[in-house]
>>> print(open('coords_2.cif').read())   # mmCIF, C-alpha atoms and all ligand atoms
data_final
loop_
_atom_site.group_PDB
_atom_site.id
_atom_site.type_symbol
_atom_site.label_atom_id
_atom_site.label_comp_id
_atom_site.auth_asym_id
_atom_site.auth_seq_id
_atom_site.Cartn_x
_atom_site.Cartn_y
_atom_site.Cartn_z
ATOM 1 C CA MET A 28 80.806 116.924 57.087
ATOM 2 C CA LYS A 29 82.087 113.352 56.847
ATOM 3 C CA PRO A 30 81.564 111.393 60.089
ATOM 4 C CA LEU A 31 84.695 111.210 62.222
ATOM 5 C CA ILE A 32 85.512 107.680 63.257
ATOM 6 C CA VAL A 33 88.053 107.153 66.019
ATOM 7 C CA ALA A 34 89.579 103.755 66.732
ATOM 8 C CA ASN A 35 90.653 103.336 70.343
ATOM 9 C CA TRP A 36 92.841 100.234 70.391
ATOM 10 C CA LYS A 37 93.304 100.470 74.180
ATOM 11 C CA MET A 38 96.087 98.064 75.304
ATOM 12 C CA ASN A 39 96.024 96.040 72.055
ATOM 13 C CA PRO A 40 97.375 94.316 69.980
ATOM 14 C CA GLU A 41 99.943 92.353 71.937
ATOM 15 C CA ASN A 42 102.937 93.131 69.724
ATOM 16 C CA GLU A 43 104.190 95.487 67.046
ATOM 17 C CA LYS A 44 103.719 92.962 64.268
ATOM 18 C CA GLY A 45 100.029 92.719 65.143
ATOM 19 C CA ALA A 46 99.728 96.514 65.303
ATOM 20 C CA LYS A 47 101.238 96.930 61.839
ATOM 21 C CA LEU A 48 99.007 94.225 60.370
ATOM 22 C CA LEU A 49 95.871 95.797 61.795
ATOM 23 C CA PHE A 50 96.982 99.277 60.764
ATOM 24 C CA ASN A 51 97.707 98.221 57.181
ATOM 25 C CA ALA A 52 94.272 96.655 56.912
ATOM 26 C CA VAL A 53 92.380 99.722 58.146
ATOM 27 C CA LYS A 54 94.444 102.778 57.186
ATOM 28 C CA LYS A 55 92.591 103.269 53.895
ATOM 29 C CA THR A 56 89.464 104.168 55.868
ATOM 30 C CA GLY A 57 91.032 107.447 56.992
ATOM 31 C CA ALA A 58 89.813 106.831 60.543
ATOM 32 C CA VAL A 59 91.650 108.386 63.467
ATOM 33 C CA ILE A 60 93.742 105.582 64.917
ATOM 34 C CA CYS A 61 94.808 105.670 68.567
ATOM 35 C CA PRO A 62 97.222 102.807 69.268
ATOM 36 C CA PRO A 63 99.235 102.341 72.475
ATOM 37 C CA PHE A 64 102.132 104.844 72.760
ATOM 38 C CA VAL A 65 104.740 102.205 71.943
ATOM 39 C CA TYR A 66 103.359 101.650 68.424
ATOM 40 C CA LEU A 67 103.003 105.295 67.429
ATOM 41 C CA ARG A 68 106.452 105.552 65.919
ATOM 42 C CA SER A 69 106.040 102.495 63.722
ATOM 43 C CA LEU A 70 102.628 103.638 62.417
ATOM 44 C CA ALA A 71 103.786 107.186 61.631
ATOM 45 C CA PRO A 72 103.541 109.041 59.373
ATOM 46 C CA TYR A 73 99.766 108.791 59.217
ATOM 47 C CA LYS A 74 97.619 111.863 58.907
ATOM 48 C CA TRP A 75 95.063 110.759 61.487
ATOM 49 C CA LEU A 76 97.272 109.417 64.231
ATOM 50 C CA GLY A 77 96.136 109.839 67.832
ATOM 51 C CA ALA A 78 97.290 108.864 71.315
ATOM 52 C CA GLN A 79 95.166 107.490 74.149
ATOM 53 C CA ASP A 80 96.395 109.802 76.889
ATOM 54 C CA VAL A 81 98.854 112.624 77.583
ATOM 55 C CA PHE A 82 100.477 114.339 80.562
ATOM 56 C CA TRP A 83 100.172 118.091 81.107
ATOM 57 C CA GLU A 84 103.795 119.107 81.699
ATOM 58 C CA LYS A 85 106.231 119.771 78.861
ATOM 59 C CA GLU A 86 109.156 117.798 80.285
ATOM 60 C CA GLY A 87 110.756 116.902 83.584
ATOM 61 C CA ALA A 88 110.755 114.407 86.420
ATOM 62 C CA TYR A 89 107.452 112.637 85.768
ATOM 63 C CA THR A 90 108.340 108.970 85.534
ATOM 64 C CA GLY A 91 106.336 107.070 82.982
ATOM 65 C CA GLU A 92 104.559 110.068 81.494
ATOM 66 C CA ILE A 93 104.405 111.337 77.898
ATOM 67 C CA SER A 94 104.196 115.057 77.089
ATOM 68 C CA PRO A 95 102.069 116.785 74.442
ATOM 69 C CA ALA A 96 105.254 117.922 72.678
ATOM 70 C CA MET A 97 106.451 114.306 72.457
ATOM 71 C CA LEU A 98 103.183 113.303 70.828
ATOM 72 C CA LYS A 99 103.437 116.171 68.360
ATOM 73 C CA ASP A 100 106.984 115.166 67.587
ATOM 74 C CA LEU A 101 105.766 111.649 66.746
ATOM 75 C CA GLY A 102 103.243 113.076 64.306
ATOM 76 C CA CYS A 103 100.100 112.771 66.435
ATOM 77 C CA LYS A 104 97.232 115.052 65.618
ATOM 78 C CA TYR A 105 94.707 113.826 68.176
ATOM 79 C CA VAL A 106 94.716 112.659 71.769
ATOM 80 C CA ILE A 107 92.008 110.965 73.811
ATOM 81 C CA VAL A 108 91.617 112.632 77.204
ATOM 82 C CA GLY A 109 89.578 111.493 80.190
ATOM 83 C CA HIS A 110 88.573 108.059 78.957
ATOM 84 C CA SER A 111 86.395 106.338 81.540
ATOM 85 C CA GLU A 112 89.026 103.628 81.996
ATOM 86 C CA ARG A 113 91.541 106.332 82.965
ATOM 87 C CA ARG A 114 89.013 107.838 85.358
ATOM 88 C CA LYS A 115 88.284 104.419 86.859
ATOM 89 C CA TYR A 116 91.667 102.662 87.054
ATOM 90 C CA PHE A 117 93.948 105.698 87.412
ATOM 91 C CA LYS A 118 91.608 107.914 89.404
ATOM 92 C CA GLU A 119 91.746 110.778 86.933
ATOM 93 C CA THR A 120 89.583 113.616 88.173
ATOM 94 C CA ASN A 121 87.978 116.427 86.185
ATOM 95 C CA GLU A 122 90.750 118.686 87.478
ATOM 96 C CA ILE A 123 93.481 116.431 86.090
ATOM 97 C CA ILE A 124 91.599 116.008 82.831
ATOM 98 C CA ASN A 125 91.218 119.752 82.474
ATOM 99 C CA LYS A 126 94.986 120.215 82.812
ATOM 100 C CA LYS A 127 95.553 117.590 80.131
ATOM 101 C CA LEU A 128 93.029 119.251 77.832
ATOM 102 C CA LYS A 129 94.697 122.632 78.163
ATOM 103 C CA ALA A 130 98.187 121.220 77.613
ATOM 104 C CA ALA A 131 97.067 119.240 74.562
ATOM 105 C CA LEU A 132 95.442 122.292 72.974
ATOM 106 C CA LYS A 133 98.435 124.474 73.740
ATOM 107 C CA ALA A 134 100.684 122.011 71.934
ATOM 108 C CA GLY A 135 98.394 122.010 68.899
ATOM 109 C CA LEU A 136 96.842 118.584 69.463
ATOM 110 C CA THR A 137 93.100 118.054 69.067
ATOM 111 C CA PRO A 138 91.774 116.527 72.289
ATOM 112 C CA ILE A 139 88.959 113.996 72.198
ATOM 113 C CA LEU A 140 87.372 114.469 75.593
ATOM 114 C CA CYS A 141 85.446 111.413 76.801
ATOM 115 C CA ILE A 142 82.491 112.004 79.068
ATOM 116 C CA SER A 143 79.705 109.852 80.413
ATOM 117 C CA ASP A 144 77.917 112.738 82.029
ATOM 118 C CA GLN A 145 77.467 116.328 80.982
ATOM 119 C CA LYS A 146 78.951 117.458 84.320
ATOM 120 C CA GLU A 147 82.323 116.219 83.071
ATOM 121 C CA ILE A 148 82.603 118.986 80.446
ATOM 122 C CA PRO A 149 84.883 121.749 81.759
ATOM 123 C CA HIS A 150 83.356 125.199 81.786
ATOM 124 C CA GLY A 151 84.161 127.062 78.586
ATOM 125 C CA PHE A 152 85.334 123.965 76.729
ATOM 126 C CA SER A 153 87.472 125.145 73.827
ATOM 127 C CA LYS A 154 86.331 125.614 70.261
ATOM 128 C CA LYS A 155 88.820 123.103 68.972
ATOM 129 C CA GLY A 156 88.190 119.886 70.812
ATOM 130 C CA ILE A 157 85.965 116.909 70.162
ATOM 131 C CA ILE A 158 83.621 115.366 72.723
ATOM 132 C CA ALA A 159 82.858 111.652 72.873
ATOM 133 C CA TYR A 160 79.751 110.747 74.821
ATOM 134 C CA GLU A 161 80.306 107.270 76.212
ATOM 135 C CA PRO A 162 77.901 105.976 78.850
ATOM 136 C CA ILE A 163 80.092 103.941 81.249
ATOM 137 C CA TRP A 164 77.747 100.960 81.270
ATOM 138 C CA ALA A 165 77.922 100.743 77.458
ATOM 139 C CA ILE A 166 81.722 100.545 77.197
ATOM 140 C CA GLY A 167 82.963 97.092 76.295
ATOM 141 C CA THR A 168 79.741 95.461 77.463
ATOM 142 C CA GLY A 169 78.004 94.775 74.157
ATOM 143 C CA LYS A 170 75.080 96.900 75.412
ATOM 144 C CA ALA A 171 75.068 100.006 73.239
ATOM 145 C CA CYS A 172 72.996 102.983 74.328
ATOM 146 C CA ASP A 173 69.472 103.326 73.018
ATOM 147 C CA VAL A 174 69.680 105.629 69.972
ATOM 148 C CA GLU A 175 66.956 108.006 71.192
ATOM 149 C CA GLU A 176 68.540 108.298 74.629
ATOM 150 C CA ALA A 177 71.896 108.998 72.997
ATOM 151 C CA GLU A 178 70.314 111.695 70.845
ATOM 152 C CA LYS A 179 68.852 113.400 73.931
ATOM 153 C CA MET A 180 72.283 113.460 75.475
ATOM 154 C CA ARG A 181 73.827 114.811 72.264
ATOM 155 C CA LEU A 182 71.318 117.663 72.187
ATOM 156 C CA SER A 183 71.936 118.564 75.795
ATOM 157 C CA ILE A 184 75.724 118.550 75.281
ATOM 158 C CA LYS A 185 75.262 120.698 72.184
ATOM 159 C CA LYS A 186 73.597 123.370 74.307
ATOM 160 C CA VAL A 187 76.626 123.873 76.526
ATOM 161 C CA VAL A 188 79.539 123.709 74.085
ATOM 162 C CA SER A 189 80.567 125.958 71.240
ATOM 163 C CA LYS A 190 78.862 125.131 67.960
ATOM 164 C CA ASP A 191 81.980 123.899 66.169
ATOM 165 C CA ILE A 192 82.650 121.109 68.645
ATOM 166 C CA ARG A 193 82.027 117.708 67.115
ATOM 167 C CA ILE A 194 80.187 115.222 69.290
ATOM 168 C CA LEU A 195 80.825 111.491 68.926
ATOM 169 C CA TYR A 196 79.045 108.485 70.401
ATOM 170 C CA GLY A 197 80.998 105.604 71.904
ATOM 171 C CA GLY A 198 80.114 102.410 73.738
ATOM 172 C CA SER A 199 79.743 98.967 72.138
ATOM 173 C CA VAL A 200 79.503 100.313 68.603
ATOM 174 C CA ASN A 201 79.796 97.699 65.851
ATOM 175 C CA SER A 202 78.986 97.362 62.154
ATOM 176 C CA LYS A 203 75.405 96.352 62.929
ATOM 177 C CA ASN A 204 74.406 99.161 65.275
ATOM 178 C CA ALA A 205 76.616 102.064 64.105
ATOM 179 C CA ALA A 206 74.544 103.752 61.384
ATOM 180 C CA PRO A 207 71.593 105.088 63.455
ATOM 181 C CA TYR A 208 73.894 107.029 65.786
ATOM 182 C CA ILE A 209 74.943 109.096 62.779
ATOM 183 C CA LYS A 210 71.874 109.023 60.574
ATOM 184 C CA GLN A 211 69.174 109.178 63.233
ATOM 185 C CA ALA A 212 70.707 110.601 66.399
ATOM 186 C CA GLY A 213 72.845 113.120 64.493
ATOM 187 C CA PHE A 214 76.235 112.371 66.034
ATOM 188 C CA ASP A 215 79.260 113.708 64.141
ATOM 189 C CA GLY A 216 81.107 110.431 64.470
ATOM 190 C CA LEU A 217 81.909 107.429 66.636
ATOM 191 C CA LEU A 218 84.551 106.304 69.111
ATOM 192 C CA VAL A 219 85.070 102.602 68.587
ATOM 193 C CA GLY A 220 86.900 100.266 70.964
ATOM 194 C CA GLY A 221 86.471 96.504 70.595
ATOM 195 C CA ALA A 222 85.159 96.594 67.014
ATOM 196 C CA SER A 223 88.238 98.538 65.867
ATOM 197 C CA LEU A 224 90.475 95.550 66.624
ATOM 198 C CA ASP A 225 88.903 93.394 63.929
ATOM 199 C CA ALA A 226 89.898 94.866 60.555
ATOM 200 C CA LYS A 227 86.982 93.407 58.598
ATOM 201 C CA GLU A 228 84.434 94.468 61.183
ATOM 202 C CA PHE A 229 85.902 97.973 61.364
ATOM 203 C CA VAL A 230 85.987 98.458 57.588
ATOM 204 C CA ASP A 231 82.372 97.178 57.391
ATOM 205 C CA LEU A 232 81.333 99.603 60.128
ATOM 206 C CA ILE A 233 82.763 102.538 58.219
ATOM 207 C CA LYS A 234 81.122 101.430 54.960
ATOM 208 C CA LYS A 235 77.736 101.419 56.698
ATOM 209 C CA ILE A 236 77.921 105.028 57.807
ATOM 210 C CA CYS A 237 79.767 106.773 54.991
HETATM 211 P P1 LIG B 1 83.891 99.702 73.111
HETATM 212 O O1 LIG B 1 84.848 100.834 73.699
HETATM 213 O O2 LIG B 1 83.573 100.097 71.688
HETATM 214 O O3 LIG B 1 84.693 98.440 73.191
HETATM 215 O O4 LIG B 1 82.675 99.684 73.960
HETATM 216 C C1 LIG B 1 84.635 102.184 73.430
HETATM 217 C C2 LIG B 1 85.627 103.016 74.181
HETATM 218 O O5 LIG B 1 85.969 102.660 75.310
HETATM 219 O O6 LIG B 1 86.127 104.038 73.685
#
>>> encode(input="coords_2.cif", output="structure tokens", more="lines below")
Ligand code: PGA
Amino acid sequence: MKPLIVANWKMNPENEKGAKLLFNAVKKTGAVICPPFVYLRSLAPYKWLGAQDVFWEKEGAYTGEISPAMLKDLGCKYVIVGHSERRKYFKETNEIINKKLKAALKAGLTPILCISDQKEIPHGFSKKGIIAYEPIWAIGTGKACDVEEAEKMRLSIKKVVSKDIRILYGGSVNSKNAAPYIKQAGFDGLLVGGASLDAKEFVDLIKKIC
């Protein structure tokens, strides 16, 4: 199966013009693109559109939140759940993340569950989701995880999830270090933050692994 590359733009770029420029330069790669909520509408329709977070209720008095149905309505297919920055800055617990996972699946979205530790995988994790292993210390630091260490983690995750779940690596991936995570450590794809904001770098990264 072709490696699955997910671009997590986080809170970037600064304006819609920048988002459209970046999108137009990378859309031919067929990567999953997860822009901030406010740019989703202007990037749709795109077959591999994803959001960076979701709330678990369908609708109601939840100021500032976005429901799974709203994401579906915008044409999203994927949603990142439990990113370490959400766990750190917004105190998301495994319990909260589990509710989000269930709601996303129920609405027909494919969740990309981010974990830095195997203990963060909910018991009986569904057959449909994707897991991204991202060691916290490797995110946005320029210090990617040692490929052999990452492979060990992949194998231990593999043992506890259903066999159809794809497992991605994330954490300071760039065009120079990406290939071994796929070709050597056997990951099914990558979750890319910083390097997905530079169109040339991102296209180069994808060329190296496909
Ligand atoms: P990074 O981010 O590639 O900038 O380390 C990865 C992520 O947070 O998903």
>>> residues_near_ligand(input="coords_2.cif", ligand="ligand LIG 1 (chain B)", cutoff="8 Å", atoms="only C-alpha atoms and all ligand atoms", output="tab-separated table (two decimals) with C-alpha atoms, in the frame of the given file")
chain	number	residue	atom	x	y	z
A	34	ALA	CA	89.58	103.76	66.73
A	35	ASN	CA	90.65	103.34	70.34
A	37	LYS	CA	93.30	100.47	74.18
A	110	HIS	CA	88.57	108.06	78.96
A	111	SER	CA	86.40	106.34	81.54
A	112	GLU	CA	89.03	103.63	82.00
A	161	GLU	CA	80.31	107.27	76.21
A	165	ALA	CA	77.92	100.74	77.46
A	166	ILE	CA	81.72	100.54	77.20
A	167	GLY	CA	82.96	97.09	76.30
A	168	THR	CA	79.74	95.46	77.46
A	169	GLY	CA	78.00	94.78	74.16
A	171	ALA	CA	75.07	100.01	73.24
A	197	GLY	CA	81.00	105.60	71.90
A	198	GLY	CA	80.11	102.41	73.74
A	199	SER	CA	79.74	98.97	72.14
A	200	VAL	CA	79.50	100.31	68.60
A	201	ASN	CA	79.80	97.70	65.85
A	218	LEU	CA	84.55	106.30	69.11
A	219	VAL	CA	85.07	102.60	68.59
A	220	GLY	CA	86.90	100.27	70.96
A	221	GLY	CA	86.47	96.50	70.60
A	222	ALA	CA	85.16	96.59	67.01
A	223	SER	CA	88.24	98.54	65.87
>>> resolve_selection(input="coords_2.cif", expression="the PyMOL selection byres (((chain A and resi 85) around 12) and not hetatm)", output="PDB file with C-alpha atoms, keeping the file's coordinate frame")
ATOM      1  CA  VAL A  81      98.854 112.624  77.583  1.00  0.00           C
ATOM      2  CA  PHE A  82     100.477 114.339  80.562  1.00  0.00           C
ATOM      3  CA  TRP A  83     100.172 118.091  81.107  1.00  0.00           C
ATOM      4  CA  GLU A  84     103.795 119.107  81.699  1.00  0.00           C
ATOM      5  CA  GLU A  86     109.156 117.798  80.285  1.00  0.00           C
ATOM      6  CA  GLY A  87     110.756 116.902  83.584  1.00  0.00           C
ATOM      7  CA  ALA A  88     110.755 114.407  86.420  1.00  0.00           C
ATOM      8  CA  TYR A  89     107.452 112.637  85.768  1.00  0.00           C
ATOM      9  CA  GLU A  92     104.559 110.068  81.494  1.00  0.00           C
ATOM     10  CA  ILE A  93     104.405 111.337  77.898  1.00  0.00           C
ATOM     11  CA  SER A  94     104.196 115.057  77.089  1.00  0.00           C
ATOM     12  CA  PRO A  95     102.069 116.785  74.442  1.00  0.00           C
ATOM     13  CA  ALA A  96     105.254 117.922  72.678  1.00  0.00           C
ATOM     14  CA  MET A  97     106.451 114.306  72.457  1.00  0.00           C
ATOM     15  CA  LEU A  98     103.183 113.303  70.828  1.00  0.00           C
ATOM     16  CA  LYS A  99     103.437 116.171  68.360  1.00  0.00           C
ATOM     17  CA  LYS A 126      94.986 120.215  82.812  1.00  0.00           C
ATOM     18  CA  LYS A 127      95.553 117.590  80.131  1.00  0.00           C
ATOM     19  CA  LYS A 129      94.697 122.632  78.163  1.00  0.00           C
ATOM     20  CA  ALA A 130      98.187 121.220  77.613  1.00  0.00           C
ATOM     21  CA  ALA A 131      97.067 119.240  74.562  1.00  0.00           C
ATOM     22  CA  LYS A 133      98.435 124.474  73.740  1.00  0.00           C
ATOM     23  CA  ALA A 134     100.684 122.011  71.934  1.00  0.00           C
TER      24      ALA A 134
END
>>> residues_around(input="coords_2.cif", residues="Asn51 (chain A)", least_positions_apart="4", cutoff="10 Å", atoms="all atoms listed in the file", output="ChimeraX atom specification")
/A:45-47,55,70,226
>>> atom_distance(input="coords_2.cif", atom1="CA of Gln79 (chain A)", atom2="CA of Phe64 (chain A)")
7.6 Å
>>> resolve_selection(input="coords_2.cif", expression="the PyMOL selection byres (((chain A and resi 217) around 12) and not hetatm)", output="PDB file with C-alpha atoms, in the frame of the given file")
ATOM      1  CA  LYS A  29      82.087 113.352  56.847  1.00  0.00           C
ATOM      2  CA  PRO A  30      81.564 111.393  60.089  1.00  0.00           C
ATOM      3  CA  LEU A  31      84.695 111.210  62.222  1.00  0.00           C
ATOM      4  CA  ILE A  32      85.512 107.680  63.257  1.00  0.00           C
ATOM      5  CA  VAL A  33      88.053 107.153  66.019  1.00  0.00           C
ATOM      6  CA  ALA A  34      89.579 103.755  66.732  1.00  0.00           C
ATOM      7  CA  ASN A  35      90.653 103.336  70.343  1.00  0.00           C
ATOM      8  CA  ALA A  58      89.813 106.831  60.543  1.00  0.00           C
ATOM      9  CA  VAL A  59      91.650 108.386  63.467  1.00  0.00           C
ATOM     10  CA  ILE A 139      88.959 113.996  72.198  1.00  0.00           C
ATOM     11  CA  CYS A 141      85.446 111.413  76.801  1.00  0.00           C
ATOM     12  CA  ILE A 157      85.965 116.909  70.162  1.00  0.00           C
ATOM     13  CA  ILE A 158      83.621 115.366  72.723  1.00  0.00           C
ATOM     14  CA  ALA A 159      82.858 111.652  72.873  1.00  0.00           C
ATOM     15  CA  TYR A 160      79.751 110.747  74.821  1.00  0.00           C
ATOM     16  CA  GLU A 161      80.306 107.270  76.212  1.00  0.00           C
ATOM     17  CA  ALA A 177      71.896 108.998  72.997  1.00  0.00           C
ATOM     18  CA  ARG A 193      82.027 117.708  67.115  1.00  0.00           C
ATOM     19  CA  ILE A 194      80.187 115.222  69.290  1.00  0.00           C
ATOM     20  CA  LEU A 195      80.825 111.491  68.926  1.00  0.00           C
ATOM     21  CA  TYR A 196      79.045 108.485  70.401  1.00  0.00           C
ATOM     22  CA  GLY A 197      80.998 105.604  71.904  1.00  0.00           C
ATOM     23  CA  GLY A 198      80.114 102.410  73.738  1.00  0.00           C
ATOM     24  CA  SER A 199      79.743  98.967  72.138  1.00  0.00           C
ATOM     25  CA  VAL A 200      79.503 100.313  68.603  1.00  0.00           C
ATOM     26  CA  ASN A 201      79.796  97.699  65.851  1.00  0.00           C
ATOM     27  CA  SER A 202      78.986  97.362  62.154  1.00  0.00           C
ATOM     28  CA  ASN A 204      74.406  99.161  65.275  1.00  0.00           C
ATOM     29  CA  ALA A 205      76.616 102.064  64.105  1.00  0.00           C
ATOM     30  CA  ALA A 206      74.544 103.752  61.384  1.00  0.00           C
ATOM     31  CA  PRO A 207      71.593 105.088  63.455  1.00  0.00           C
ATOM     32  CA  TYR A 208      73.894 107.029  65.786  1.00  0.00           C
ATOM     33  CA  ILE A 209      74.943 109.096  62.779  1.00  0.00           C
ATOM     34  CA  LYS A 210      71.874 109.023  60.574  1.00  0.00           C
ATOM     35  CA  ALA A 212      70.707 110.601  66.399  1.00  0.00           C
ATOM     36  CA  GLY A 213      72.845 113.120  64.493  1.00  0.00           C
ATOM     37  CA  PHE A 214      76.235 112.371  66.034  1.00  0.00           C
ATOM     38  CA  ASP A 215      79.260 113.708  64.141  1.00  0.00           C
ATOM     39  CA  GLY A 216      81.107 110.431  64.470  1.00  0.00           C
ATOM     40  CA  LEU A 218      84.551 106.304  69.111  1.00  0.00           C
ATOM     41  CA  VAL A 219      85.070 102.602  68.587  1.00  0.00           C
ATOM     42  CA  GLY A 220      86.900 100.266  70.964  1.00  0.00           C
ATOM     43  CA  ALA A 222      85.159  96.594  67.014  1.00  0.00           C
ATOM     44  CA  SER A 223      88.238  98.538  65.867  1.00  0.00           C
ATOM     45  CA  PHE A 229      85.902  97.973  61.364  1.00  0.00           C
ATOM     46  CA  LEU A 232      81.333  99.603  60.128  1.00  0.00           C
ATOM     47  CA  ILE A 233      82.763 102.538  58.219  1.00  0.00           C
ATOM     48  CA  ILE A 236      77.921 105.028  57.807  1.00  0.00           C
ATOM     49  CA  CYS A 237      79.767 106.773  54.991  1.00  0.00           C
TER      50      CYS A 237
END
>>> residues_around(input="coords_2.cif", residues="Leu48 (chain A)", least_positions_apart="6", cutoff="12 Å", atoms="only C-alpha atoms", output="list in words")
Pro40, Glu41, Asn42, Lys54, Tyr66, Ser69, Leu70, Leu224, Asp225 and Ala226 of chain A
>>> atom_distance(input="coords_2.cif", atom1="CA of Pro63 (chain A)", atom2="CA of Glu147 (chain A)")
24.3 Å
>>> atom_distance(input="coords_2.cif", atom1="CA of Gly91 (chain A)", atom2="CA of Gly135 (chain A)")
22.0 Å
>>> resolve_selection(input="coords_2.cif", expression="the PyMOL selection byres (((chain A and resi 73) around 9) and not hetatm)", output="mmCIF file with C-alpha atoms, in the coordinates of the input")
data_model
loop_
_atom_site.group_PDB
_atom_site.id
_atom_site.type_symbol
_atom_site.label_atom_id
_atom_site.label_comp_id
_atom_site.auth_asym_id
_atom_site.auth_seq_id
_atom_site.Cartn_x
_atom_site.Cartn_y
_atom_site.Cartn_z
ATOM 1 C CA LYS A 54 94.444 102.778 57.186
ATOM 2 C CA ILE A 60 93.742 105.582 64.917
ATOM 3 C CA LEU A 70 102.628 103.638 62.417
ATOM 4 C CA ALA A 71 103.786 107.186 61.631
ATOM 5 C CA PRO A 72 103.541 109.041 59.373
ATOM 6 C CA LYS A 74 97.619 111.863 58.907
ATOM 7 C CA TRP A 75 95.063 110.759 61.487
ATOM 8 C CA LEU A 76 97.272 109.417 64.231
ATOM 9 C CA GLY A 102 103.243 113.076 64.306
ATOM 10 C CA CYS A 103 100.100 112.771 66.435
#
>>> closest_residue(input="coords_2.cif", among="A:Thr137, A:Thr90, A:Asn121, A:Ser189", to="Lys104 (chain A)", atoms="only C-alpha atoms")
A:Thr137
>>> closest_residue(input="coords_2.cif", among="A:Gly77, A:Gly156, A:Pro149, A:Pro62", to="Leu132 (chain A)", atoms="only C-alpha atoms")
A:Gly156
>>> closest_residue(input="coords_2.cif", among="A:Ile163, A:Ile148, A:Val106, A:Met28", to="Glu122 (chain A)", atoms="all atoms listed in the file")
A:Ile148
>>> decode(input="coords_2.cif", residues="region 78-90 of chain A", atoms="N, CA and C atoms", output="PDB file, in the first residue's frame")
ATOM      1  N   ALA A  78      -9.104  17.599   9.383  1.00  0.00           N
ATOM      2  CA  ALA A  78      -9.095  18.672  10.381  1.00  0.00           C
ATOM      3  C   ALA A  78      -8.097  18.291  11.478  1.00  0.00           C
ATOM      4  N   GLN A  79      -7.793  19.258  12.327  1.00  0.00           N
ATOM      5  CA  GLN A  79      -6.771  19.022  13.365  1.00  0.00           C
ATOM      6  C   GLN A  79      -7.355  18.633  14.717  1.00  0.00           C
ATOM      7  N   ASP A  80      -8.678  18.744  14.829  1.00  0.00           N
ATOM      8  CA  ASP A  80      -9.333  18.432  16.094  1.00  0.00           C
ATOM      9  C   ASP A  80     -10.842  18.362  15.834  1.00  0.00           C
ATOM     10  N   VAL A  81     -11.584  17.862  16.790  1.00  0.00           N
ATOM     11  CA  VAL A  81     -13.041  17.789  16.667  1.00  0.00           C
ATOM     12  C   VAL A  81     -13.628  17.693  18.070  1.00  0.00           C
ATOM     13  N   PHE A  82     -14.885  18.123  18.215  1.00  0.00           N
ATOM     14  CA  PHE A  82     -15.569  17.943  19.502  1.00  0.00           C
ATOM     15  C   PHE A  82     -16.429  16.687  19.399  1.00  0.00           C
ATOM     16  N   TRP A  83     -16.923  16.197  20.549  1.00  0.00           N
ATOM     17  CA  TRP A  83     -17.646  14.913  20.484  1.00  0.00           C
ATOM     18  C   TRP A  83     -19.152  15.042  20.359  1.00  0.00           C
ATOM     19  N   GLU A  84     -19.710  16.228  20.681  1.00  0.00           N
ATOM     20  CA  GLU A  84     -21.170  16.357  20.575  1.00  0.00           C
ATOM     21  C   GLU A  84     -21.560  16.762  19.150  1.00  0.00           C
ATOM     22  N   LYS A  85     -22.801  16.469  18.804  1.00  0.00           N
ATOM     23  CA  LYS A  85     -23.309  16.748  17.461  1.00  0.00           C
ATOM     24  C   LYS A  85     -23.591  18.223  17.229  1.00  0.00           C
ATOM     25  N   GLU A  86     -24.179  18.860  18.249  1.00  0.00           N
ATOM     26  CA  GLU A  86     -24.519  20.285  18.166  1.00  0.00           C
ATOM     27  C   GLU A  86     -24.867  20.755  19.577  1.00  0.00           C
ATOM     28  N   GLY A  87     -25.011  22.051  19.741  1.00  0.00           N
ATOM     29  CA  GLY A  87     -25.461  22.540  21.042  1.00  0.00           C
ATOM     30  C   GLY A  87     -24.614  23.657  21.595  1.00  0.00           C
ATOM     31  N   ALA A  88     -24.781  23.897  22.896  1.00  0.00           N
ATOM     32  CA  ALA A  88     -24.135  25.025  23.559  1.00  0.00           C
ATOM     33  C   ALA A  88     -22.708  24.667  23.978  1.00  0.00           C
ATOM     34  N   TYR A  89     -21.821  24.667  23.017  1.00  0.00           N
ATOM     35  CA  TYR A  89     -20.401  24.351  23.277  1.00  0.00           C
ATOM     36  C   TYR A  89     -19.556  25.395  22.561  1.00  0.00           C
ATOM     37  N   THR A  90     -19.494  26.569  23.156  1.00  0.00           N
ATOM     38  CA  THR A  90     -18.858  27.716  22.513  1.00  0.00           C
ATOM     39  C   THR A  90     -17.457  27.393  21.991  1.00  0.00           C
TER      40      THR A  90
END
